[in-house]
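To start, the structure under review is shown below, and the notes come after it.
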There are 2 protein chains.
Amino acid sequence: MTQQPLTLAAQGSFFAGGKVIQADGTYRTENPMSHDGQTFHGDHAYVAYQIPANARRLPLVFLHGAGQSGQSGKTWESTPDGREGFGTLFLRRGYATYLLDQPRRGRAGNSTVADNAPVLPNDQFWFENFRMGIFPELFQDGQFPKDAASLDQFLRQITPNTGAYDLEVISDAVAAVFDRIGEGVLITHSQGGGPGWQTALKNPEKVKAVVSYEPGTEFVFPENEMPSVATPANAAANISLSQPISAERFALLTKMPIVIYYGDYISENNPHWASQRWIERIHVAEAFAECVNRHGGDARVIRLPEIGIRGNSHFAFAEMNNVAIADVLEKWLQEKWLK
Amino acid sequence: MTQQPLTLAAQGSFFAGGKVIQADGTYRTENPMSHDGQTFHGDHAYVAYQIPANARRLPLVFLHGAGQSGQSGKTWESTPDGREGFGTLFLRRGYATYLLDQPRRGRAGNSTVADNAPVLPNDQFWFENFRMGIFPELFQDGQFPKDAASLDQFLRQITPNTGAYDLEVISDAVAAVFDRIGEGVLITHSQGGGPGWQTALKNPEKVKAVVSYEPGTEFVFPENEMPSVATPANAAANISLSQPISAERFALLTKMPIVIYYGDYISENNPHWASQRWIERIHVAEAFAECVNRHGGDARVIRLPEIGIRGNSHFAFAEMNNVAIADVLEKWLQEKWLK
């Protein structure tokens with residue numbers, strides 16, 4: 001594939017947020033192998049940034065997703081079939097990009113709490129949960145590439161938590177990223193959605209918009225307006241989709257445009273557990289958007305098939321049609337004057 | 001700091017090497033929460049690459065260092081004080097760069113063996129072991145920046161192993177990186193040195209040179225030529241510096257130029273444990289280089305103070321004088337016709 005060269009004004013990486021803990025006692029240089037009095041830095045986010053020449057006004061801040069074993073900032077880099085991911089695609093479109101590893105994951109691995117995660121084979125679960133197909137068959141009309149090498153690359157994106165997942169720790173660190181870089185658009189995926197809303201609540205002056213690909217958990221609602229959506233498929237897996245916050249805090253989410261995207265293979269009529277889990281999540285997302293709008297905000301849920309884009313799994317932004325998916329996002333950014 | 005724009009032909013990331021393990025039994029879509037028959041992908045390296053416009057012939061492949069809690073590819077990105085690290089500096093000089101996270105670290109976190117690492121405060125140990133100063137004082141004439149924010153950024157670079165350190169697993173994955181990208185120069189740091197020699201032994205056709213910053217362990221020697229260097233300070237910490245391989249394999253290391261760099265604050269006369277540990281490592285490195293040369297190779301150990309560059313810790317390539325350190329390396333590459 002011939003590409004135009006890409007001209008950068010700057011690039012680099014840094015850590016944001018986090019804590020320092022200290023063992024009891026006093027450190028002495030004569031006894032360096034004792035932990036007495038020593039400190040430990042953890043719970044920060046890792047941030048890799050690239051700024052194109054003549055950057056647009058607002059940068060894009062990307063927070064990856066997935067649960068107990070999950071994704072890193074890698075998910076926004078190359079696609080599993082080796083093409084440019086959203087990071088580079090939007091750089092080419094003139095946006096500065098900030099690709100995060102959330103606290104306790106990837107290059108931000110130092111956790112102030114230990115997590116003794118066993119090695120648990122789960123590839124087939126993820127394959128189906130992410131709606132790539134019914135194992136071992138990829139959906140024939142799906143946008144995930146059909147070659148074995150791409151699936152191998154995809155499955156290697158999974159990287160473990162190095163400490164317990166913590167909504168507050170993650171959103172504190174992402175809010176600290178915005179403190180450092182200033183105003184920007186937050187783009188979340190999957191499990192990143194929950195920390196994404198919390199980040200917007202913690203730093204509403206800097207988070208100018210939220211774009212959420214397939215959030216599945218931790219939607220927020222005013223405590224007196226919790227959704228009445230039935231979620232039996234998720235409840236059966238002990239997954240809670242929504243949580244209450246004060247009406248006053250919720251109102252902060254009306255100050256920024258919000259868009260939520262879902263891919264294909266999700267319907268009430270498909271009895272497969274993955275479809276059932278995801279349709280429940282869409283229903284909660286729709287209730288969330290309605291609630292934001294009822295309070296005077298601007299939130300929308302878009303099911304990609306309803307705008308004619310079919311075959312996407314949970315990772316629309318990294319599949320064969322990801323340029324078209326980027327076009328949809330860029331059009332939304334422009335409509336909202338977030339250039 | 002005003003910089004010229006940086007023009008890239010391409011960038012991206014991928015995984016190389018690794019294994020797939022599978023749980024006993026058969027996966028059934030009706031029972032996705034059972035691990036029966038499910039697979040798990042792990043033990044790969046993560047590789048982020050950038051290729052400048054009009055790239056030189058040989059790319060540079062960077063393998064980070066440090067032990068049980070260690071570094072990731074981040075170490076080659078921005079410096080702790082936020083300037084350009086070796087990755088971007090050499091990109092500006094026309095070299096394609098490949099920045100790795102070794103297997104079981106960072107974005108390559110999935111390990112086929114579990115590692116239940118506790119949270120161990122060790123910042124002060126690292127501070128002294130890396131010869132940044134005697135805690136809490138940085139060396140006054142040192143090249144590490146004196147502001148608190150830089151030290152905070154530096155300490156957050158540490159990220160845990162997510163599986164046991166394994167020389168074979170790491171060198172298998174790095175050798176697989178060279179299989180994928182072709183010929184290149186391998187640049188290692190610290191603990192990466194050991195897997196670096198093994199990578200060169202496993203892929204001697206593709207590894208055209210090895211540059212090693214401050215290797216400290218796992219030097220290789222022909223089994224009949226093990227070094228007689230005394231290493232009591234390391235032995236006291238249960239650190240073994242060298243290991244035997246066959247003379248036939250050792251001879252492969254004579255096919256490529258090798259250079260090893262050490263920073264400052266290392267001398268026989270300094271009784272501090274860090275100085276004592278590092279002088280022993282330099283002595284073993286010098287024995288290694290002599291052995292390579294005795295067998296017809298081209299290896300050299302350079303103590304930076306001996307060429308007039310003073311004040312560097314264990315991380316010369318990321319300190320205030322890192323452009324000068326890059327100049328030294330580039331001159332060496334050019335002398336060896338590795339352009």
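In the structure tokens, chains take letters A, B, ... by order of appearance, with residues numbered from 1 within each chain and ligands from 1 in the order shown.
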For chain A against chain B, which residues fall within 6 Å using only C-alpha atoms, given as an MDAnalysis selection string?
chainID A and resid 5:9 12:13 32 35 38:41 77:78 106:107 109:110 114 116 118:119 121:125 156 159:160
Next, dump the selected residues to file, keeping only N, CA, C and O atoms, as a CSV table (one decimal), in the first residue's frame.
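Result file selection21.csv:
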chain,number,residue,atom,x,y,z
A,5,PRO,N,3.9,10.3,2.8
A,5,PRO,CA,4.6,10.5,4.0
A,5,PRO,C,3.8,11.3,5.1
A,5,PRO,O,2.9,12.0,4.7
A,6,LEU,N,4.2,11.1,6.3
A,6,LEU,CA,3.5,11.6,7.5
A,6,LEU,C,4.4,12.6,8.1
A,6,LEU,O,5.6,12.2,8.5
A,7,THR,N,4.1,13.9,8.3
A,7,THR,CA,5.0,14.8,8.9
A,7,THR,C,4.5,15.2,10.3
A,7,THR,O,3.4,15.7,10.5
A,8,LEU,N,5.5,15.0,11.2
A,8,LEU,CA,5.2,15.2,12.6
A,8,LEU,C,5.9,16.5,13.1
A,8,LEU,O,7.1,16.7,12.7
A,9,ALA,N,5.2,17.2,13.9
A,9,ALA,CA,5.9,18.3,14.6
A,9,ALA,C,6.6,17.8,15.8
A,9,ALA,O,7.7,18.3,16.2
A,12,GLY,N,6.4,11.7,21.5
A,12,GLY,CA,7.0,11.3,22.7
A,12,GLY,C,6.1,10.6,23.6
A,12,GLY,O,5.0,10.1,23.2
A,13,SER,N,6.5,10.4,24.9
A,13,SER,CA,5.6,9.7,25.8
A,13,SER,C,5.9,10.2,27.2
A,13,SER,O,6.9,10.7,27.5
A,32,PRO,N,20.5,-2.1,50.9
A,32,PRO,CA,19.6,-1.7,49.8
A,32,PRO,C,18.6,-2.8,49.5
A,32,PRO,O,17.6,-2.5,48.8
A,35,HIS,N,13.4,-3.6,52.0
A,35,HIS,CA,12.4,-2.6,51.5
A,35,HIS,C,12.1,-1.5,52.5
A,35,HIS,O,11.3,-0.6,52.1
A,38,GLN,N,11.5,2.3,51.6
A,38,GLN,CA,11.6,2.5,50.1
A,38,GLN,C,10.2,2.9,49.6
A,38,GLN,O,9.1,2.5,50.1
A,39,THR,N,10.2,3.6,48.5
A,39,THR,CA,9.0,4.1,47.9
A,39,THR,C,8.7,3.2,46.6
A,39,THR,O,9.6,2.5,46.1
A,40,PHE,N,7.5,3.4,46.1
A,40,PHE,CA,7.1,2.7,44.9
A,40,PHE,C,6.1,3.6,44.2
A,40,PHE,O,5.2,4.2,44.8
A,41,HIS,N,6.4,3.8,42.9
A,41,HIS,CA,5.5,4.7,42.1
A,41,HIS,C,4.6,3.8,41.2
A,41,HIS,O,5.0,2.9,40.5
A,77,GLU,N,-3.0,1.3,17.4
A,77,GLU,CA,-1.9,1.4,16.5
A,77,GLU,C,-2.2,0.6,15.2
A,77,GLU,O,-3.3,0.8,14.6
A,78,SER,N,-1.4,-0.2,14.8
A,78,SER,CA,-1.7,-1.0,13.6
A,78,SER,C,-2.8,-2.0,13.8
A,78,SER,O,-3.0,-2.5,14.9
A,106,GLY,N,-0.2,-2.8,30.7
A,106,GLY,CA,0.8,-2.5,29.7
A,106,GLY,C,2.0,-1.8,30.2
A,106,GLY,O,2.6,-2.2,31.2
A,107,ARG,N,2.4,-0.7,29.6
A,107,ARG,CA,3.6,0.1,30.0
A,107,ARG,C,3.3,0.9,31.3
A,107,ARG,O,4.3,1.5,31.8
A,109,GLY,N,2.4,-0.5,34.1
A,109,GLY,CA,2.1,-1.8,34.9
A,109,GLY,C,2.2,-1.6,36.4
A,109,GLY,O,1.6,-2.4,37.1
A,110,ASN,N,3.0,-0.7,36.9
A,110,ASN,CA,3.2,-0.7,38.3
A,110,ASN,C,1.9,-0.3,39.1
A,110,ASN,O,1.3,0.7,38.9
A,114,ALA,N,-1.3,-5.5,44.7
A,114,ALA,CA,-0.8,-6.7,44.0
A,114,ALA,C,-2.0,-7.4,43.3
A,114,ALA,O,-3.2,-7.2,43.8
A,116,ASN,N,-2.7,-11.2,41.8
A,116,ASN,CA,-2.1,-12.5,41.4
A,116,ASN,C,-2.9,-13.2,40.4
A,116,ASN,O,-3.7,-14.1,40.7
A,118,PRO,N,-3.9,-15.6,37.6
A,118,PRO,CA,-3.5,-16.9,37.0
A,118,PRO,C,-3.5,-16.8,35.4
A,118,PRO,O,-4.1,-15.8,34.9
A,119,VAL,N,-2.9,-17.7,34.8
A,119,VAL,CA,-2.9,-17.8,33.3
A,119,VAL,C,-4.2,-18.5,33.0
A,119,VAL,O,-4.4,-19.7,33.3
A,121,PRO,N,-6.7,-19.6,29.9
A,121,PRO,CA,-7.0,-19.6,28.5
A,121,PRO,C,-8.4,-19.1,28.2
A,121,PRO,O,-9.4,-19.7,28.8
A,122,ASN,N,-8.6,-18.1,27.4
A,122,ASN,CA,-9.9,-17.5,27.2
A,122,ASN,C,-10.1,-17.0,25.8
A,122,ASN,O,-11.0,-16.3,25.5
A,123,ASP,N,-9.2,-17.4,24.9
A,123,ASP,CA,-9.3,-16.9,23.5
A,123,ASP,C,-10.7,-17.1,22.9
A,123,ASP,O,-11.2,-16.2,22.2
A,124,GLN,N,-11.2,-18.3,23.1
A,124,GLN,CA,-12.5,-18.6,22.4
A,124,GLN,C,-13.6,-17.8,23.0
A,124,GLN,O,-14.5,-17.3,22.3
A,125,PHE,N,-13.5,-17.5,24.3
A,125,PHE,CA,-14.5,-16.6,24.9
A,125,PHE,C,-14.5,-15.3,24.3
A,125,PHE,O,-15.5,-14.7,23.9
A,156,ARG,N,-2.9,-11.7,20.5
A,156,ARG,CA,-1.7,-11.3,21.2
A,156,ARG,C,-1.8,-9.9,21.7
A,156,ARG,O,-1.0,-9.4,22.6
A,159,THR,N,-3.4,-8.3,27.0
A,159,THR,CA,-2.3,-8.2,28.0
A,159,THR,C,-3.0,-8.1,29.4
A,159,THR,O,-4.1,-7.5,29.5
A,160,PRO,N,-2.4,-8.7,30.4
A,160,PRO,CA,-3.1,-8.8,31.7
A,160,PRO,C,-3.1,-7.5,32.5
A,160,PRO,O,-2.3,-6.6,32.3
Excluding Gln334 in chain A and any residue of its chain fewer than 2 positions from it, enumerate the residues within 12 Å of it, using only C-alpha atoms, and give them as a count of residues only.
16
When you look at Met320 in chain A with a cut-off of 7 Å (counting only C-alpha atoms), what residues show up, excluding the ones that are within fewer than 2 positions of it in the same chain? I need them as JSON, numbers by chain.
{"A": [143, 144, 145, 318, 322]}
For N, CA, C and O atoms, I'd like the residues from the last selection saved as a JSON list (two decimals), in the first residue's frame.
[["chain", "number", "residue", "atom", "x", "y", "z"],
["A", 143, "GLN", "N", -16.07, -8.07, 9.02],
["A", 143, "GLN", "CA", -14.99, -7.18, 8.63],
["A", 143, "GLN", "C", -13.65, -7.58, 9.25],
["A", 143, "GLN", "O", -12.63, -6.96, 8.95],
["A", 144, "PHE", "N", -13.66, -8.60, 10.11],
["A", 144, "PHE", "CA", -12.37, -9.06, 10.62],
["A", 144, "PHE", "C", -11.70, -9.90, 9.54],
["A", 144, "PHE", "O", -12.33, -10.75, 8.93],
["A", 145, "PRO", "N", -10.40, -9.66, 9.26],
["A", 145, "PRO", "CA", -9.74, -10.41, 8.18],
["A", 145, "PRO", "C", -9.74, -11.91, 8.45],
["A", 145, "PRO", "O", -9.71, -12.35, 9.59],
["A", 318, "ALA", "N", -10.58, -1.14, 14.04],
["A", 318, "ALA", "CA", -9.36, -1.85, 13.68],
["A", 318, "ALA", "C", -9.61, -2.94, 12.64],
["A", 318, "ALA", "O", -8.76, -3.80, 12.43],
["A", 322, "ASN", "N", -11.87, 0.06, 8.45],
["A", 322, "ASN", "CA", -11.67, 1.08, 9.50],
["A", 322, "ASN", "C", -11.52, 2.49, 8.95],
["A", 322, "ASN", "O", -11.76, 3.46, 9.68]]
Would you mind listing what lies within 8 Å of range 195-198 of chain B as a list in words, with only C-alpha atoms counted and same-chain residues fewer than 5 positions away left out?
Leu63, Leu167, Glu168, Ile170, Ser171, Leu186, Ile187, Thr188, Val210, Glu218, Phe219, Val220 and Leu253 of chain B
Restrict the selected residues to all heavy atoms and save them as a JSON list (two decimals), in the first residue's frame.
[["chain", "number", "residue", "atom", "x", "y", "z"],
["B", 63, "LEU", "N", 16.14, -3.15, 22.51],
["B", 63, "LEU", "CA", 15.63, -4.01, 23.57],
["B", 63, "LEU", "C", 15.97, -3.40, 24.92],
["B", 63, "LEU", "O", 17.14, -3.25, 25.27],
["B", 63, "LEU", "CB", 16.23, -5.42, 23.46],
["B", 63, "LEU", "CG", 15.82, -6.40, 24.56],
["B", 63, "LEU", "CD1", 14.32, -6.65, 24.56],
["B", 63, "LEU", "CD2", 16.59, -7.72, 24.41],
["B", 167, "LEU", "N", 15.39, -16.21, 29.76],
["B", 167, "LEU", "CA", 16.36, -15.85, 28.72],
["B", 167, "LEU", "C", 15.97, -16.43, 27.36],
["B", 167, "LEU", "O", 16.07, -15.75, 26.33],
["B", 167, "LEU", "CB", 17.74, -16.37, 29.15],
["B", 167, "LEU", "CG", 18.93, -16.09, 28.25],
["B", 167, "LEU", "CD1", 19.23, -14.60, 28.20],
["B", 167, "LEU", "CD2", 20.16, -16.86, 28.76],
["B", 168, "GLU", "N", 15.53, -17.68, 27.36],
["B", 168, "GLU", "CA", 15.20, -18.34, 26.10],
["B", 168, "GLU", "C", 13.94, -17.75, 25.48],
["B", 168, "GLU", "O", 13.87, -17.52, 24.27],
["B", 168, "GLU", "CB", 15.01, -19.84, 26.31],
["B", 168, "GLU", "CG", 16.30, -20.57, 26.69],
["B", 168, "GLU", "CD", 17.40, -20.42, 25.64],
["B", 168, "GLU", "OE1", 17.08, -20.41, 24.44],
["B", 168, "GLU", "OE2", 18.57, -20.28, 26.04],
["B", 170, "ILE", "N", 12.72, -14.77, 25.85],
["B", 170, "ILE", "CA", 12.96, -13.43, 25.33],
["B", 170, "ILE", "C", 13.78, -13.49, 24.04],
["B", 170, "ILE", "O", 13.43, -12.87, 23.03],
["B", 170, "ILE", "CB", 13.67, -12.56, 26.39],
["B", 170, "ILE", "CG1", 12.77, -12.38, 27.62],
["B", 170, "ILE", "CG2", 14.06, -11.19, 25.80],
["B", 170, "ILE", "CD1", 13.45, -11.73, 28.80],
["B", 171, "SER", "N", 14.86, -14.26, 24.05],
["B", 171, "SER", "CA", 15.71, -14.28, 22.85],
["B", 171, "SER", "C", 15.01, -14.96, 21.68],
["B", 171, "SER", "O", 15.22, -14.58, 20.53],
["B", 171, "SER", "CB", 17.07, -14.92, 23.17],
["B", 171, "SER", "OG", 16.93, -16.19, 23.76],
["B", 186, "LEU", "N", 21.12, -4.63, 16.61],
["B", 186, "LEU", "CA", 20.44, -4.83, 17.89],
["B", 186, "LEU", "C", 21.08, -3.96, 18.95],
["B", 186, "LEU", "O", 22.30, -4.01, 19.14],
["B", 186, "LEU", "CB", 20.53, -6.31, 18.29],
["B", 186, "LEU", "CG", 19.92, -6.67, 19.66],
["B", 186, "LEU", "CD1", 18.43, -6.33, 19.72],
["B", 186, "LEU", "CD2", 20.13, -8.16, 19.94],
["B", 187, "ILE", "N", 20.26, -3.16, 19.61],
["B", 187, "ILE", "CA", 20.74, -2.26, 20.67],
["B", 187, "ILE", "C", 20.06, -2.67, 21.96],
["B", 187, "ILE", "O", 18.83, -2.60, 22.08],
["B", 187, "ILE", "CB", 20.42, -0.80, 20.32],
["B", 187, "ILE", "CG1", 21.09, -0.42, 18.99],
["B", 187, "ILE", "CG2", 20.88, 0.14, 21.45],
["B", 187, "ILE", "CD1", 20.83, 0.99, 18.54],
["B", 188, "THR", "N", 20.86, -3.12, 22.93],
["B", 188, "THR", "CA", 20.28, -3.59, 24.18],
["B", 188, "THR", "C", 20.68, -2.69, 25.34],
["B", 188, "THR", "O", 21.66, -1.93, 25.26],
["B", 188, "THR", "CB", 20.75, -5.02, 24.52],
["B", 188, "THR", "OG1", 22.16, -5.02, 24.81],
["B", 188, "THR", "CG2", 20.46, -5.98, 23.37],
["B", 210, "VAL", "N", 25.85, -5.69, 17.38],
["B", 210, "VAL", "CA", 25.21, -5.57, 18.69],
["B", 210, "VAL", "C", 25.83, -4.39, 19.43],
["B", 210, "VAL", "O", 27.06, -4.30, 19.56],
["B", 210, "VAL", "CB", 25.35, -6.85, 19.54],
["B", 210, "VAL", "CG1", 24.63, -6.66, 20.88],
["B", 210, "VAL", "CG2", 24.80, -8.07, 18.81],
["B", 218, "GLU", "N", 24.67, -12.47, 32.37],
["B", 218, "GLU", "CA", 24.47, -13.41, 31.27],
["B", 218, "GLU", "C", 25.40, -13.16, 30.08],
["B", 218, "GLU", "O", 25.02, -13.37, 28.93],
["B", 218, "GLU", "CB", 23.00, -13.43, 30.83],
["B", 218, "GLU", "CG", 22.09, -13.87, 31.97],
["B", 218, "GLU", "CD", 20.60, -13.80, 31.64],
["B", 218, "GLU", "OE1", 20.18, -12.84, 30.96],
["B", 218, "GLU", "OE2", 19.88, -14.68, 32.09],
["B", 219, "PHE", "N", 26.62, -12.71, 30.39],
["B", 219, "PHE", "CA", 27.64, -12.72, 29.35],
["B", 219, "PHE", "C", 27.94, -14.17, 28.99],
["B", 219, "PHE", "O", 27.94, -15.04, 29.88],
["B", 219, "PHE", "CB", 28.93, -12.07, 29.86],
["B", 219, "PHE", "CG", 28.84, -10.59, 30.06],
["B", 219, "PHE", "CD1", 28.55, -10.05, 31.31],
["B", 219, "PHE", "CD2", 29.05, -9.73, 28.99],
["B", 219, "PHE", "CE1", 28.47, -8.68, 31.50],
["B", 219, "PHE", "CE2", 28.98, -8.35, 29.17],
["B", 219, "PHE", "CZ", 28.69, -7.83, 30.43],
["B", 220, "VAL", "N", 28.20, -14.44, 27.72],
["B", 220, "VAL", "CA", 28.50, -15.82, 27.30],
["B", 220, "VAL", "C", 29.99, -15.98, 27.04],
["B", 220, "VAL", "O", 30.67, -15.04, 26.59],
["B", 220, "VAL", "CB", 27.69, -16.20, 26.04],
["B", 220, "VAL", "CG1", 26.22, -16.29, 26.38],
["B", 220, "VAL", "CG2", 27.94, -15.22, 24.91],
["B", 253, "LEU", "N", 29.58, -15.06, 17.41],
["B", 253, "LEU", "CA", 29.67, -13.67, 17.87],
["B", 253, "LEU", "C", 30.87, -12.94, 17.27],
["B", 253, "LEU", "O", 31.03, -11.73, 17.47],
["B", 253, "LEU", "CB", 29.73, -13.60, 19.40],
["B", 253, "LEU", "CG", 28.48, -14.10, 20.12],
["B", 253, "LEU", "CD1", 28.67, -14.03, 21.64],
["B", 253, "LEU", "CD2", 27.24, -13.29, 19.72]]
Pick out each residue of range 89-260 of chain A that DSSP on the backbone tags as alpha helix (DSSP H); I need them as an MDAnalysis selection string.
chainID A and resid 89:92 123:129 148:156 167:181 193:202 232:236 247:250
Tell me, in Å to one decimal, how far CA of Ser240 in chain B is from CA of Glu290 in chain B.
19.3 Å
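If you count only C-alpha atoms and ignore residues fewer than 4 places along the chain from Phe90 in chain B, what sits within 9 Å of it is Leu60, Gly85, Phe86, Gly94, Tyr95, Ala96, Thr97, Ala326 and Glu330 of chain B.
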Selected residues written out, N, CA, C and O atoms, as a PDB file, in the first residue's frame:
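Result file again_17.pdb:
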ATOM      1  N   LEU B  60      17.451  -0.023  13.396  1.00  0.00           N
ATOM      2  CA  LEU B  60      17.930  -0.218  14.765  1.00  0.00           C
ATOM      3  C   LEU B  60      16.810  -0.860  15.590  1.00  0.00           C
ATOM      4  O   LEU B  60      15.679  -0.366  15.589  1.00  0.00           O
ATOM      5  N   GLY B  85      14.099  10.888  23.073  1.00  0.00           N
ATOM      6  CA  GLY B  85      14.971   9.778  23.381  1.00  0.00           C
ATOM      7  C   GLY B  85      15.604   9.209  22.124  1.00  0.00           C
ATOM      8  O   GLY B  85      15.455   9.750  21.025  1.00  0.00           O
ATOM      9  N   PHE B  86      16.324   8.086  22.321  1.00  0.00           N
ATOM     10  CA  PHE B  86      17.074   7.513  21.204  1.00  0.00           C
ATOM     11  C   PHE B  86      16.175   7.116  20.029  1.00  0.00           C
ATOM     12  O   PHE B  86      16.598   7.193  18.877  1.00  0.00           O
ATOM     13  N   GLY B  94      17.806   9.255  10.268  1.00  0.00           N
ATOM     14  CA  GLY B  94      17.557   8.442   9.078  1.00  0.00           C
ATOM     15  C   GLY B  94      17.443   6.953   9.302  1.00  0.00           C
ATOM     16  O   GLY B  94      17.320   6.193   8.332  1.00  0.00           O
ATOM     17  N   TYR B  95      17.463   6.519  10.553  1.00  0.00           N
ATOM     18  CA  TYR B  95      17.369   5.084  10.830  1.00  0.00           C
ATOM     19  C   TYR B  95      15.928   4.687  11.131  1.00  0.00           C
ATOM     20  O   TYR B  95      15.257   5.343  11.943  1.00  0.00           O
ATOM     21  N   ALA B  96      15.484   3.599  10.529  1.00  0.00           N
ATOM     22  CA  ALA B  96      14.227   3.000  10.972  1.00  0.00           C
ATOM     23  C   ALA B  96      14.435   2.452  12.373  1.00  0.00           C
ATOM     24  O   ALA B  96      15.514   1.936  12.699  1.00  0.00           O
ATOM     25  N   THR B  97      13.422   2.567  13.215  1.00  0.00           N
ATOM     26  CA  THR B  97      13.543   2.122  14.610  1.00  0.00           C
ATOM     27  C   THR B  97      12.452   1.108  14.945  1.00  0.00           C
ATOM     28  O   THR B  97      11.310   1.226  14.486  1.00  0.00           O
ATOM     29  N   ALA B 326      24.264   9.828  21.546  1.00  0.00           N
ATOM     30  CA  ALA B 326      23.828   9.371  20.218  1.00  0.00           C
ATOM     31  C   ALA B 326      24.914   9.625  19.178  1.00  0.00           C
ATOM     32  O   ALA B 326      25.127   8.803  18.277  1.00  0.00           O
ATOM     33  N   GLU B 330      26.403   6.887  16.714  1.00  0.00           N
ATOM     34  CA  GLU B 330      26.303   7.009  15.261  1.00  0.00           C
ATOM     35  C   GLU B 330      27.684   6.948  14.604  1.00  0.00           C
ATOM     36  O   GLU B 330      27.847   6.366  13.531  1.00  0.00           O
TER      37      GLU B 330
END
Return the single residue from A:Val207, A:Cys291, A:Leu91, A:Ala235 that is closest to Gly184 in chain A, with distances computed using only C-alpha atoms.
A:Val207
Residues within 12 Å of Arg281 in chain B, please, as a ChimeraX atom specification. Count only C-alpha atoms; anything in the same chain fewer than 2 positions from it doesn't count.
/B:190-191,193,213-219,227,229-235,239-242,260-262,266-268,274-279,283-288,301,303
Proximity to Gly297 in chain B - best of B:Asn54, B:Thr254, B:Met132, B:Asn224, only C-alpha atoms
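Among B:Asn54, B:Thr254, B:Met132, B:Asn224, it is B:Thr254 that comes nearest to Gly297 in chain B.
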Considering only C-alpha atoms, return as JSON, numbers by chain whatever protein or nucleic-acid residues lie within 8 Å of Ile258 in chain B, sequence-local ones (same chain, fewer than 5 positions apart) excluded.
{"B": [209, 210, 211, 212, 298, 299, 300]}
Using only C-alpha atoms, which of the listed residues (B:Ala176, B:Ile302, B:Gly25, B:Arg249) sits closest to Ala289 in chain B?
B:Ile302
